[in-house]
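Just below is one structure, and these are the notes that go with it.
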Amino acid sequence: MGIVKISEPMHENLRIAASALSRSINAQAEHWMRIGMLAELHPDLPHGELCQMLVRAELAGGLDLAKVAGAPEARVQ
């Protein structure tokens, strides 16, 4: 785990959203990062479908960037 520096206005936005959605500030930030990552990888999908992808990924054991991006499986050498 590392430290990510963000602006004060973004931290305030995170605090408000986290409180409204009953999440910790870190959990809210991670949610927004996951949605943003998926939106960049799949710009054609609406927000609801991106959220469904997150739910399916969680049921399958967690978000795997290689699978979500459609990348071939990494090979161990």
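Following the order of the structure tokens, chains are lettered A, B, ..., residues in each are numbered from 1, and ligands are numbered from 1.
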Please identify all polymer residues within 8 Å of Leu50 of chain A, counting only C-alpha atoms, omitting same-chain residues fewer than 6 positions from it, and present them as a JSON list (two decimals) with C-alpha atoms, in the first residue's frame.
[["chain", "number", "residue", "atom", "x", "y", "z"],
["A", 35, "ILE", "CA", -14.65, 2.97, -12.21],
["A", 38, "LEU", "CA", -12.82, 0.55, -16.39],
["A", 39, "ALA", "CA", -14.18, 3.66, -18.14]]
Per-residue DSSP, chain A, filtered to helix (DSSP H, G or I), as a ChimeraX atom specification: /A:8-20,25-41,47-59,65-69
Need to verify the contact set: Gly62 of chain A, 12 Å, only C-alpha atoms, exclusion of same-chain residues closer than 6 positions in sequence. Can you return it as a PyMOL selection string? chain A and resi 34+53-56+68
For a test of reading the model, state the distance in Å between atom CA of His42 of chain A and atom CA of Ala69 of chain A, rounded to one decimal. 8.3 Å
Give me the residues within 10 Å of segment 10-13 of chain A as a list of chain:residue names, counting only C-alpha atoms and dropping any in the same chain fewer than 5 places off. A:Lys5, A:Ala18, A:Ser19, A:Ile25, A:Gln28, A:Ala29
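From atom CA of Trp32 of chain A back to atom CA of Lys67 of chain A, the distance works out to 19.2 Å.
Distance-wise, atom CA of Met1 of chain A and atom CA of Leu59 of chain A end up 23.0 Å apart.
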